[in-house]
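Raw query13.csv, CSV, C-alpha atoms and all ligand atoms:
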```csv
chain,number,residue,atom,x,y,z
A,5,MET,CA,-17.6,29.2,0.5
A,6,ASN,CA,-16.8,26.4,-1.8
A,7,ASP,CA,-13.9,27.5,-4.0
A,8,VAL,CA,-14.3,25.4,-7.1
A,9,THR,CA,-10.8,26.0,-8.3
A,10,ARG,CA,-9.3,24.6,-5.1
A,11,PRO,CA,-8.3,20.9,-5.5
A,12,ALA,CA,-10.4,18.4,-3.5
A,13,VAL,CA,-7.1,16.6,-2.7
A,14,GLU,CA,-3.5,17.6,-3.3
A,15,TRP,CA,-0.3,15.7,-2.5
A,16,ARG,CA,2.6,18.2,-2.3
A,17,ASP,CA,6.0,16.8,-2.6
A,18,VAL,CA,5.0,13.8,-0.6
A,19,THR,CA,7.5,11.1,0.4
A,20,LYS,CA,6.7,8.1,2.5
A,21,ARG,CA,9.4,5.9,3.9
A,22,TYR,CA,8.1,3.1,6.1
A,23,ALA,CA,9.8,2.2,9.4
A,24,ASP,CA,11.8,-0.6,7.8
A,25,GLY,CA,13.4,1.9,5.4
A,26,HIS,CA,11.4,1.1,2.3
A,27,LEU,CA,10.7,4.1,0.2
A,28,ALA,CA,7.0,3.7,-0.8
A,29,LEU,CA,6.5,7.2,-2.3
A,30,ASP,CA,9.1,9.5,-3.7
A,31,SER,CA,8.3,13.2,-4.0
A,32,VAL,CA,4.8,12.8,-5.4
A,33,ASN,CA,3.0,16.0,-6.6
A,34,LEU,CA,-0.6,15.5,-7.7
A,35,ALA,CA,-4.0,17.3,-7.4
A,36,VAL,CA,-7.5,16.1,-7.9
A,37,ALA,CA,-10.2,18.6,-9.0
A,38,PRO,CA,-13.6,18.7,-7.3
A,39,GLY,CA,-16.0,16.4,-9.1
A,40,GLU,CA,-13.2,14.6,-10.9
A,41,CYS,CA,-12.6,10.9,-11.0
A,42,LEU,CA,-8.9,10.2,-10.9
A,43,ALA,CA,-7.6,6.7,-11.3
A,44,ILE,CA,-4.3,5.8,-9.7
A,45,LEU,CA,-2.7,3.0,-11.7
A,46,GLY,CA,0.3,0.9,-11.2
A,47,THR,CA,1.6,-2.6,-10.6
A,48,SER,CA,1.4,-4.2,-7.2
A,49,GLY,CA,3.7,-2.5,-4.7
A,50,SER,CA,4.0,0.8,-6.6
A,51,GLY,CA,2.5,2.8,-3.7
A,52,LYS,CA,-1.1,3.2,-4.8
A,53,THR,CA,-2.6,2.2,-1.4
A,54,THR,CA,-0.1,4.3,0.4
A,55,LEU,CA,-1.0,7.3,-1.6
A,56,LEU,CA,-4.7,6.8,-0.8
A,57,LYS,CA,-4.3,6.1,2.9
A,58,LEU,CA,-2.5,9.4,3.2
A,59,VAL,CA,-5.7,11.2,2.3
A,60,ASN,CA,-7.8,9.9,5.2
A,61,ARG,CA,-4.7,9.9,7.4
A,62,LEU,CA,-4.4,6.2,8.0
A,63,ILE,CA,-0.8,6.9,7.1
A,64,GLU,CA,1.3,10.0,7.7
A,65,PRO,CA,3.8,11.3,5.2
A,66,THR,CA,7.5,11.2,6.0
A,67,SER,CA,7.8,14.6,4.3
A,68,GLY,CA,5.5,16.8,2.2
A,69,VAL,CA,1.9,17.7,2.8
A,70,VAL,CA,-1.4,16.2,1.9
A,71,LEU,CA,-4.3,18.7,1.6
A,72,VAL,CA,-8.0,17.8,1.7
A,73,HIS,CA,-10.3,20.7,0.5
A,74,GLY,CA,-7.3,23.0,0.8
A,75,LYS,CA,-6.4,22.1,4.4
A,76,ALA,CA,-3.5,19.9,5.4
A,77,THR,CA,-4.5,16.6,6.9
A,78,THR,CA,-2.4,17.4,9.9
A,79,GLU,CA,-4.7,20.5,10.5
A,80,TRP,CA,-7.8,18.4,10.3
A,81,ASP,CA,-9.5,16.7,13.3
A,82,THR,CA,-8.7,13.2,12.2
A,83,ILE,CA,-12.1,11.8,13.2
A,84,LYS,CA,-13.9,14.6,11.3
A,85,LEU,CA,-11.7,14.1,8.3
A,86,ARG,CA,-12.4,10.3,8.1
A,87,ARG,CA,-16.1,10.9,8.6
A,88,SER,CA,-16.2,13.3,5.7
A,89,ILE,CA,-14.6,10.8,3.3
A,90,GLY,CA,-16.2,7.7,1.9
A,91,TYR,CA,-13.8,4.7,1.8
A,92,VAL,CA,-14.4,1.6,-0.2
A,93,ILE,CA,-11.9,-1.3,-0.2
A,94,GLN,CA,-11.5,-4.6,-1.9
A,95,GLU,CA,-13.7,-7.3,-0.3
A,96,SER,CA,-15.8,-4.5,0.9
A,97,GLY,CA,-14.5,-4.5,4.5
A,98,LEU,CA,-18.0,-5.0,5.9
A,99,MET,CA,-18.6,-6.0,9.6
A,100,PRO,CA,-19.4,-9.7,9.5
A,101,HIS,CA,-21.8,-9.7,12.5
A,102,LEU,CA,-23.9,-6.8,11.1
A,103,ASP,CA,-26.5,-7.2,8.4
A,104,SER,CA,-26.4,-5.1,5.2
A,105,LYS,CA,-28.7,-2.4,6.6
A,106,GLU,CA,-26.7,-2.1,9.8
A,107,ASN,CA,-23.5,-2.0,7.9
A,108,VAL,CA,-24.7,0.9,5.7
A,109,ALA,CA,-26.1,2.7,8.7
A,110,LEU,CA,-22.9,2.3,10.8
A,111,GLY,CA,-21.3,5.6,9.6
A,112,LEU,CA,-24.6,7.4,10.4
A,113,ARG,CA,-24.7,6.0,13.9
A,114,VAL,CA,-21.3,7.4,14.8
A,115,ARG,CA,-22.5,10.7,13.5
A,116,GLY,CA,-25.4,10.7,15.9
A,117,VAL,CA,-28.2,10.2,13.3
A,118,GLY,CA,-31.3,8.8,15.0
A,119,SER,CA,-32.5,5.2,14.5
A,120,GLY,CA,-35.5,6.0,12.3
A,121,GLU,CA,-33.6,8.3,10.0
A,122,ARG,CA,-30.7,5.8,9.9
A,123,GLU,CA,-33.0,3.0,8.8
A,124,ARG,CA,-34.7,5.1,6.1
A,125,LYS,CA,-31.3,6.3,4.8
A,126,ALA,CA,-29.8,2.8,4.8
A,127,GLU,CA,-32.7,1.5,2.8
A,128,SER,CA,-32.6,4.3,0.3
A,129,MET,CA,-28.8,3.8,-0.1
A,130,LEU,CA,-29.2,0.1,-0.7
A,131,GLU,CA,-31.8,0.8,-3.4
A,132,LEU,CA,-29.5,3.5,-4.9
A,133,VAL,CA,-26.8,0.9,-5.5
A,134,GLY,CA,-29.3,-1.5,-7.1
A,135,LEU,CA,-30.1,-3.7,-4.1
A,136,GLU,CA,-33.6,-4.6,-2.9
A,137,ALA,CA,-33.6,-3.2,0.6
A,138,ALA,CA,-36.3,-5.5,1.9
A,139,ARG,CA,-34.5,-8.7,0.9
A,140,ILE,CA,-30.8,-7.7,1.1
A,141,GLY,CA,-31.1,-5.4,4.2
A,142,PRO,CA,-31.4,-8.2,6.7
A,143,LEU,CA,-28.7,-10.4,5.2
A,144,ARG,CA,-25.1,-10.6,6.7
A,145,PRO,CA,-22.1,-10.2,4.4
A,146,HIS,CA,-21.5,-14.0,4.2
A,147,GLN,CA,-25.0,-14.5,2.8
A,148,LEU,CA,-24.3,-12.1,-0.1
A,149,SER,CA,-22.6,-12.6,-3.4
A,150,GLY,CA,-19.3,-10.8,-4.0
A,151,GLY,CA,-21.1,-8.2,-6.2
A,152,GLN,CA,-23.7,-7.6,-3.6
A,153,ARG,CA,-21.1,-7.2,-0.9
A,154,GLN,CA,-19.3,-4.6,-3.0
A,155,ARG,CA,-22.6,-2.8,-3.6
A,156,VAL,CA,-23.2,-2.7,0.2
A,157,GLY,CA,-19.7,-1.3,0.6
A,158,VAL,CA,-20.4,1.4,-1.9
A,159,ALA,CA,-23.8,2.1,-0.2
A,160,ARG,CA,-22.0,2.5,3.1
A,161,ALA,CA,-19.5,4.9,1.7
A,162,LEU,CA,-22.3,7.0,0.1
A,163,ALA,CA,-24.5,7.0,3.2
A,164,ILE,CA,-22.5,9.6,5.0
A,165,GLU,CA,-22.9,11.9,1.9
A,166,PRO,CA,-19.2,12.5,1.4
A,167,ASP,CA,-17.9,14.9,-1.2
A,168,LEU,CA,-14.9,12.7,-1.6
A,169,ILE,CA,-14.8,8.9,-2.0
A,170,LEU,CA,-11.6,6.8,-1.9
A,171,MET,CA,-11.8,3.4,-3.6
A,172,ASP,CA,-9.0,0.9,-3.3
A,173,GLU,CA,-9.4,-1.8,-6.0
A,174,PRO,CA,-13.1,-1.9,-5.2
A,175,PHE,CA,-14.1,-4.2,-8.0
A,176,GLY,CA,-10.9,-6.3,-8.1
A,177,ALA,CA,-12.3,-9.4,-6.5
A,178,LEU,CA,-15.3,-9.7,-8.8
A,179,ASP,CA,-15.8,-11.9,-11.9
A,180,PRO,CA,-15.4,-9.9,-15.1
A,181,ILE,CA,-19.2,-9.7,-15.9
A,182,THR,CA,-20.2,-8.6,-12.4
A,183,ARG,CA,-17.3,-6.2,-12.4
A,184,ARG,CA,-18.3,-4.5,-15.7
A,185,GLU,CA,-21.9,-4.2,-14.6
A,186,LEU,CA,-20.9,-2.7,-11.3
A,187,GLN,CA,-18.4,-0.3,-13.0
A,188,LYS,CA,-21.1,0.9,-15.3
A,189,GLU,CA,-23.6,1.5,-12.5
A,190,PHE,CA,-21.0,3.2,-10.4
A,191,ASP,CA,-20.0,5.5,-13.3
A,192,ALA,CA,-23.6,6.6,-13.8
A,193,LEU,CA,-24.1,7.1,-10.1
A,194,ARG,CA,-21.0,9.1,-9.7
A,195,LYS,CA,-21.9,11.4,-12.5
A,196,ARG,CA,-25.3,11.9,-11.2
A,197,LEU,CA,-24.1,12.6,-7.6
A,198,GLY,CA,-21.1,14.7,-8.7
A,199,LYS,CA,-18.7,13.2,-6.2
A,200,THR,CA,-14.9,13.5,-6.3
A,201,VAL,CA,-13.5,10.0,-6.6
A,202,ILE,CA,-10.0,8.6,-6.3
A,203,LEU,CA,-9.9,5.1,-7.6
A,204,VAL,CA,-6.9,2.8,-7.1
A,205,THR,CA,-6.7,0.1,-9.7
A,206,HIS,CA,-4.2,-2.0,-11.5
A,207,ASP,CA,-6.7,-2.5,-14.3
A,208,ILE,CA,-6.1,-0.1,-17.2
A,209,ARG,CA,-9.5,-0.8,-18.7
A,210,GLU,CA,-11.3,0.0,-15.5
A,211,ALA,CA,-9.4,3.3,-15.4
A,212,PHE,CA,-10.3,4.1,-18.9
A,213,ALA,CA,-13.9,3.3,-18.4
A,214,LEU,CA,-14.3,5.3,-15.1
A,215,ALA,CA,-11.7,8.0,-14.8
A,216,ASP,CA,-11.4,11.5,-16.1
A,217,ARG,CA,-7.7,11.3,-15.7
A,218,LEU,CA,-5.1,8.6,-14.9
A,219,ALA,CA,-2.1,8.8,-12.7
A,220,VAL,CA,0.5,6.1,-13.3
A,221,MET,CA,2.7,5.0,-10.5
A,222,ASP,CA,5.9,3.0,-10.8
A,223,GLN,CA,8.0,2.1,-7.7
A,224,GLY,CA,6.8,5.0,-5.6
A,225,ARG,CA,7.1,7.6,-8.4
A,226,LEU,CA,4.4,9.3,-10.3
A,227,VAL,CA,5.4,8.7,-13.9
A,228,GLN,CA,2.5,10.3,-15.8
A,229,VAL,CA,-0.8,12.1,-15.2
A,230,GLY,CA,-3.3,12.8,-17.9
A,231,THR,CA,-6.5,11.8,-19.8
A,232,ALA,CA,-6.7,8.4,-21.5
A,233,GLU,CA,-6.3,10.1,-24.8
A,234,ALA,CA,-3.2,12.0,-23.7
A,235,LEU,CA,-1.6,8.9,-22.4
A,236,MET,CA,-2.4,6.9,-25.5
A,237,ALA,CA,-1.1,9.7,-27.7
A,238,ARG,CA,2.1,10.3,-25.7
A,239,PRO,CA,3.1,7.7,-23.2
A,240,ALA,CA,5.8,9.1,-21.0
A,241,ASN,CA,8.0,6.0,-21.0
A,242,ALA,CA,8.1,2.3,-21.7
A,243,PHE,CA,6.4,1.5,-18.4
A,244,VAL,CA,3.4,3.5,-19.3
A,245,GLU,CA,3.4,2.1,-22.8
A,246,SER,CA,3.4,-1.5,-21.5
A,247,PHE,CA,0.5,-0.6,-19.2
A,248,LEU,CA,-1.4,0.7,-22.1
A,249,GLU,CA,-0.9,-2.3,-24.3
A,250,ASP,CA,-3.7,-4.1,-22.6
A,251,ALA,CA,-6.1,-1.3,-23.5
A,252,ARG,CA,-4.8,-0.9,-27.0
A,253,ALA,CA,-5.8,-4.5,-27.6
A,254,VAL,CA,-9.4,-3.6,-27.1
A,255,PRO,CA,-10.2,-0.5,-29.2
A,256,THR,CA,-13.8,-0.2,-27.9
A,257,SER,CA,-12.7,0.3,-24.3
A,258,ALA,CA,-9.8,2.5,-25.2
A,259,GLY,CA,-11.8,5.0,-27.3
A,260,ARG,CA,-13.6,6.9,-24.7
A,261,THR,CA,-16.1,8.5,-27.1
A,262,GLY,CA,-18.4,11.4,-26.4
A,263,SER,CA,-17.5,12.2,-22.8
B,301,LIG,P1,0.2,-0.9,-3.9
B,301,LIG,O1,-1.1,-0.5,-3.3
B,301,LIG,O2,0.5,-0.1,-5.1
B,301,LIG,O3,0.2,-2.4,-4.2
B,301,LIG,P2,1.3,-0.2,-1.4
B,301,LIG,O4,1.1,1.3,-1.3
B,301,LIG,O5,0.5,-1.1,-0.6
B,301,LIG,O6,1.4,-0.6,-2.9
B,301,LIG,O7,2.8,-0.5,-0.9
B,301,LIG,C1,3.9,0.1,-1.5
B,301,LIG,C2,5.2,-0.5,-1.0
B,301,LIG,O8,5.4,-0.2,0.4
B,301,LIG,C3,5.3,-2.0,-1.1
B,301,LIG,O9,6.6,-2.4,-1.5
B,301,LIG,C4,4.9,-2.5,0.3
B,301,LIG,O10,5.5,-3.7,0.5
B,301,LIG,C5,5.5,-1.4,1.1
B,301,LIG,N1,4.7,-1.2,2.4
B,301,LIG,C6,3.4,-1.0,2.5
B,301,LIG,N2,3.1,-0.9,3.8
B,301,LIG,C7,4.2,-1.0,4.5
B,301,LIG,C8,4.5,-1.0,5.9
B,301,LIG,N3,3.6,-0.8,6.8
B,301,LIG,N4,5.8,-1.2,6.2
B,301,LIG,C9,6.8,-1.5,5.3
B,301,LIG,N5,6.5,-1.5,4.0
B,301,LIG,C10,5.3,-1.3,3.6
B,302,MG,MG,-2.8,-1.7,-2.8
```
Take the structure from the file and write it as structure tokens.
Amino acid sequence: MNDVTRPAVEWRDVTKRYADGHLALDSVNLAVAPGECLAILGTSGSGKTTLLKLVNRLIEPTSGVVLVHGKATTEWDTIKLRRSIGYVIQESGLMPHLDSKENVALGLRVRGVGSGERERKAESMLELVGLEAARIGPLRPHQLSGGQRQRVGVARALAIEPDLILMDEPFGALDPITRRELQKEFDALRKRLGKTVILVTHDIREAFALADRLAVMDQGRLVQVGTAEALMARPANAFVESFLEDARAVPTSAGRTGS
């Protein structure tokens, strides 16, 4: 049934013009392979979040089509579509009145999973992302550190066992050390679980560390797609080059060896 050559996500000639007339996306064509981690890079306002929200249909395109597992988002039952996609946002987006375990279990509850099974699953997901379920499980988001909150956010996204995970600047609000640690663990986890991940970031080093390919956005246009090596070797224009400068300054993070 699963056609491995079919993209997990594809944007076909997608344009998005918001109600106020602002052109946020201009004829974007892009495909993400199953199991791939694609980073969407760009400065603030370049259309990264818009691109991502088209996938789980929080936004509709003005023209063009977005396909998830080969099927246009307009053909999907929206509820089913959203429930099949993990979504991690900056500041985790956790429910403040629920504890960690309840937050992780939330997606399972709406899917009709029984309470015992939910509990067991939530605990194992917390452990999976490196949190001690017995201690962290009963704590509410405000009782957690930023890094712990993001881990709970990742655990929640993974709990529904999605093939596809959308991440919108998930590590953006963390201090550099916690961020790096979480990036590393997430990378290992993703490779182990074999999920397709679309990661929005404005951090070139994060993209280099985590992604198989990078898609660079500038003012609603996709300017270049390729591996870190390809972008470094042949940046499409001065904008991409300026983005890469940051990575070039740190040869250790730029040289993705052995992958
Ligand atoms: P990014 O995530 O790359 O920072 P966004 O996709 O959030 O960018 O936004 C792209 C552009 O579209 C920005 O200029 C933003 O102000 C604009 N925009 C986003 N949402 C709306 C909206 N609902 N109405 C009007 N303009 C919007
Ligand atoms: Mg954004």
Distance limit 6 Å, reference ligand LIG 301 (chain B), atoms considered: all atoms listed in the file. Which residues make the cut? Give them as a PDB file with C-alpha atoms, in the frame of the given file.
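Output (selection-v2.pdb):
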```pdb
ATOM      1  CA  TYR A  22       8.100   3.100   6.100  1.00  0.00           C
ATOM      2  CA  ASP A  24      11.800  -0.600   7.800  1.00  0.00           C
ATOM      3  CA  HIS A  26      11.400   1.100   2.300  1.00  0.00           C
ATOM      4  CA  ALA A  28       7.000   3.700  -0.800  1.00  0.00           C
ATOM      5  CA  SER A  48       1.400  -4.200  -7.200  1.00  0.00           C
ATOM      6  CA  GLY A  49       3.700  -2.500  -4.700  1.00  0.00           C
ATOM      7  CA  SER A  50       4.000   0.800  -6.600  1.00  0.00           C
ATOM      8  CA  GLY A  51       2.500   2.800  -3.700  1.00  0.00           C
ATOM      9  CA  LYS A  52      -1.100   3.200  -4.800  1.00  0.00           C
ATOM     10  CA  THR A  53      -2.600   2.200  -1.400  1.00  0.00           C
ATOM     11  CA  THR A  54      -0.100   4.300   0.400  1.00  0.00           C
TER      12      THR A  54
END
```
At most 12 Å from ligand MG 302 (chain B) (only C-alpha atoms and all ligand atoms): residue list as a ChimeraX atom specification
/A:28,44-57,93-94,171-174,176,203-206,221
For Pro166 of chain A, which residue among A:Pro11, A:Pro65, A:Gly25, A:Gly90 is the nearest when counting only C-alpha atoms?
A:Gly90
With distances taken over only C-alpha atoms, which of A:Phe243, A:Thr78, A:Val32, A:Gly39 is nearest to Arg217 of chain A?
A:Gly39
Enter the distance from atom CA of Leu193 of chain A to atom CA of Glu136 of chain A, in Å, rounded to one decimal.
16.7 Å
Closest pair table for segment 135-203 of chain A residues within 12 Å of segment 71-76 of chain A, only C-alpha atoms, as CSV:
```
residue,atom,partner,partner_atom,distance
A:Asp167,CA,A:His73,CA,9.7
A:Leu168,CA,A:Val72,CA,9.2
A:Ile169,CA,A:Val72,CA,11.8
A:Thr200,CA,A:His73,CA,10.9
```
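The interatomic distance for the pair atom CA of Trp15 of chain A and atom CA of Ala177 of chain A works out to 28.1 Å.
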Nearby residues (only C-alpha atoms) at most 9 Å from Glu64 of chain A, same-chain spacing under 5 positions excluded, as number ranges by chain
A: 20, 57-59, 70, 77-78
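Between atom CA of Ile202 of chain A and atom CA of Leu170 of chain A the separation is 5.0 Å.
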Would you pick out the contacts of Thr66 of chain A at 8 Å or less, using only C-alpha atoms, so that residues sharing its chain but fewer than 3 positions from it are not included, and give the list as a VMD selection string?
chain A and resid 18 to 21
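Ranking A:Ala12, A:Leu132, A:Ala232, A:Val158 by their shortest atom-to-atom distance to Ala37 of chain A, with all atoms listed in the file included, puts A:Ala12 first.
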Leu112 of chain A environment, 12 Å, all atoms listed in the file, sequence neighbours closer than 3 positions dropped, as a list in words:
Arg87, Ser88, Gly90, Lys105, Glu106, Asn107, Val108, Ala109, Arg115, Gly116, Val117, Gly118, Ser119, Gly120, Glu121, Arg122, Glu123, Arg124, Lys125, Ala126, Met129, Ala159, Arg160, Ala161, Leu162, Ala163, Ile164, Glu165 and Pro166 of chain A
Return the single residue from A:Gly157, A:Gly68, A:Gly230, A:Pro142 that is closest to Tyr91 of chain A, with distances computed using all atoms listed in the file.
A:Gly157
For a quick check of understanding, using only C-alpha atoms, which of A:Glu127, A:Arg196, A:Asn60, A:Glu95 has the smallest distance to Gln152 of chain A?
A:Glu95
Who sits within 12 Å of segment 247-252 of chain A, only C-alpha atoms, same chain under 2 positions skipped, as a ChimeraX atom specification
/A:45-47,205-213,218-222,227-228,232-245,254-260
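Counting all atoms listed in the file, Gly151 of chain A has the following residues at most 8 Å away, ignoring those fewer than 4 positions along the same chain: A:Arg155, A:Leu178, A:Thr182, A:Arg183, A:Leu186.
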Since the input is missing atoms for segment 151-169 of chain A, could you rebuild it with N, CA, C and O atoms and give the result as a PDB file, in the frame of the given file?
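The resulting file, result.pdb, is shown below:
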```
ATOM      1  N   GLY A 151     -20.555  -9.488  -5.612  1.00  0.00           N
ATOM      2  CA  GLY A 151     -21.100  -8.200  -6.200  1.00  0.00           C
ATOM      3  C   GLY A 151     -21.977  -7.498  -5.255  1.00  0.00           C
ATOM      4  O   GLY A 151     -21.917  -6.271  -5.150  1.00  0.00           O
ATOM      5  N   GLN A 152     -22.811  -8.249  -4.553  1.00  0.00           N
ATOM      6  CA  GLN A 152     -23.700  -7.600  -3.600  1.00  0.00           C
ATOM      7  C   GLN A 152     -22.944  -7.005  -2.427  1.00  0.00           C
ATOM      8  O   GLN A 152     -23.260  -5.903  -1.970  1.00  0.00           O
ATOM      9  N   ARG A 153     -21.909  -7.726  -1.986  1.00  0.00           N
ATOM     10  CA  ARG A 153     -21.100  -7.200  -0.900  1.00  0.00           C
ATOM     11  C   ARG A 153     -20.450  -5.857  -1.310  1.00  0.00           C
ATOM     12  O   ARG A 153     -20.432  -4.902  -0.533  1.00  0.00           O
ATOM     13  N   GLN A 154     -19.934  -5.810  -2.533  1.00  0.00           N
ATOM     14  CA  GLN A 154     -19.300  -4.600  -3.000  1.00  0.00           C
ATOM     15  C   GLN A 154     -20.327  -3.438  -3.097  1.00  0.00           C
ATOM     16  O   GLN A 154     -20.028  -2.294  -2.816  1.00  0.00           O
ATOM     17  N   ARG A 155     -21.534  -3.793  -3.517  1.00  0.00           N
ATOM     18  CA  ARG A 155     -22.600  -2.800  -3.600  1.00  0.00           C
ATOM     19  C   ARG A 155     -22.904  -2.237  -2.196  1.00  0.00           C
ATOM     20  O   ARG A 155     -23.102  -1.038  -2.022  1.00  0.00           O
ATOM     21  N   VAL A 156     -22.969  -3.148  -1.218  1.00  0.00           N
ATOM     22  CA  VAL A 156     -23.200  -2.700   0.200  1.00  0.00           C
ATOM     23  C   VAL A 156     -22.069  -1.798   0.619  1.00  0.00           C
ATOM     24  O   VAL A 156     -22.289  -0.767   1.261  1.00  0.00           O
ATOM     25  N   GLY A 157     -20.848  -2.167   0.232  1.00  0.00           N
ATOM     26  CA  GLY A 157     -19.700  -1.300   0.600  1.00  0.00           C
ATOM     27  C   GLY A 157     -19.788   0.059  -0.019  1.00  0.00           C
ATOM     28  O   GLY A 157     -19.486   1.058   0.640  1.00  0.00           O
ATOM     29  N   VAL A 158     -20.257   0.146  -1.255  1.00  0.00           N
ATOM     30  CA  VAL A 158     -20.400   1.400  -1.900  1.00  0.00           C
ATOM     31  C   VAL A 158     -21.580   2.214  -1.228  1.00  0.00           C
ATOM     32  O   VAL A 158     -21.466   3.414  -0.965  1.00  0.00           O
ATOM     33  N   ALA A 159     -22.664   1.504  -0.916  1.00  0.00           N
ATOM     34  CA  ALA A 159     -23.800   2.100  -0.200  1.00  0.00           C
ATOM     35  C   ALA A 159     -23.373   2.714   1.111  1.00  0.00           C
ATOM     36  O   ALA A 159     -23.770   3.820   1.490  1.00  0.00           O
ATOM     37  N   ARG A 160     -22.541   1.980   1.817  1.00  0.00           N
ATOM     38  CA  ARG A 160     -22.000   2.500   3.100  1.00  0.00           C
ATOM     39  C   ARG A 160     -21.219   3.732   2.951  1.00  0.00           C
ATOM     40  O   ARG A 160     -21.344   4.685   3.714  1.00  0.00           O
ATOM     41  N   ALA A 161     -20.359   3.728   1.914  1.00  0.00           N
ATOM     42  CA  ALA A 161     -19.500   4.900   1.700  1.00  0.00           C
ATOM     43  C   ALA A 161     -20.368   6.125   1.312  1.00  0.00           C
ATOM     44  O   ALA A 161     -20.067   7.247   1.712  1.00  0.00           O
ATOM     45  N   LEU A 162     -21.444   5.900   0.569  1.00  0.00           N
ATOM     46  CA  LEU A 162     -22.300   7.000   0.100  1.00  0.00           C
ATOM     47  C   LEU A 162     -23.234   7.518   1.200  1.00  0.00           C
ATOM     48  O   LEU A 162     -23.672   8.662   1.160  1.00  0.00           O
ATOM     49  N   ALA A 163     -23.519   6.647   2.173  1.00  0.00           N
ATOM     50  CA  ALA A 163     -24.500   7.000   3.200  1.00  0.00           C
ATOM     51  C   ALA A 163     -24.174   8.229   3.975  1.00  0.00           C
ATOM     52  O   ALA A 163     -25.055   8.985   4.385  1.00  0.00           O
ATOM     53  N   ILE A 164     -22.907   8.454   4.188  1.00  0.00           N
ATOM     54  CA  ILE A 164     -22.500   9.600   5.000  1.00  0.00           C
ATOM     55  C   ILE A 164     -22.474  10.894   4.133  1.00  0.00           C
ATOM     56  O   ILE A 164     -22.075  11.958   4.605  1.00  0.00           O
ATOM     57  N   GLU A 165     -22.893  10.764   2.873  1.00  0.00           N
ATOM     58  CA  GLU A 165     -22.900  11.900   1.900  1.00  0.00           C
ATOM     59  C   GLU A 165     -21.596  12.624   1.838  1.00  0.00           C
ATOM     60  O   GLU A 165     -21.528  13.837   2.060  1.00  0.00           O
ATOM     61  N   PRO A 166     -20.536  11.885   1.519  1.00  0.00           N
ATOM     62  CA  PRO A 166     -19.200  12.500   1.400  1.00  0.00           C
ATOM     63  C   PRO A 166     -19.087  13.234   0.081  1.00  0.00           C
ATOM     64  O   PRO A 166     -19.718  12.842  -0.898  1.00  0.00           O
ATOM     65  N   ASP A 167     -18.269  14.289   0.050  1.00  0.00           N
ATOM     66  CA  ASP A 167     -17.900  14.900  -1.200  1.00  0.00           C
ATOM     67  C   ASP A 167     -16.877  14.092  -1.926  1.00  0.00           C
ATOM     68  O   ASP A 167     -16.727  14.136  -3.136  1.00  0.00           O
ATOM     69  N   LEU A 168     -16.124  13.377  -1.113  1.00  0.00           N
ATOM     70  CA  LEU A 168     -14.900  12.700  -1.600  1.00  0.00           C
ATOM     71  C   LEU A 168     -15.011  11.194  -1.258  1.00  0.00           C
ATOM     72  O   LEU A 168     -15.341  10.823  -0.126  1.00  0.00           O
ATOM     73  N   ILE A 169     -14.738  10.364  -2.261  1.00  0.00           N
ATOM     74  CA  ILE A 169     -14.800   8.900  -2.000  1.00  0.00           C
ATOM     75  C   ILE A 169     -13.433   8.322  -2.485  1.00  0.00           C
ATOM     76  O   ILE A 169     -12.964   8.570  -3.598  1.00  0.00           O
TER      77      ILE A 169
END
```
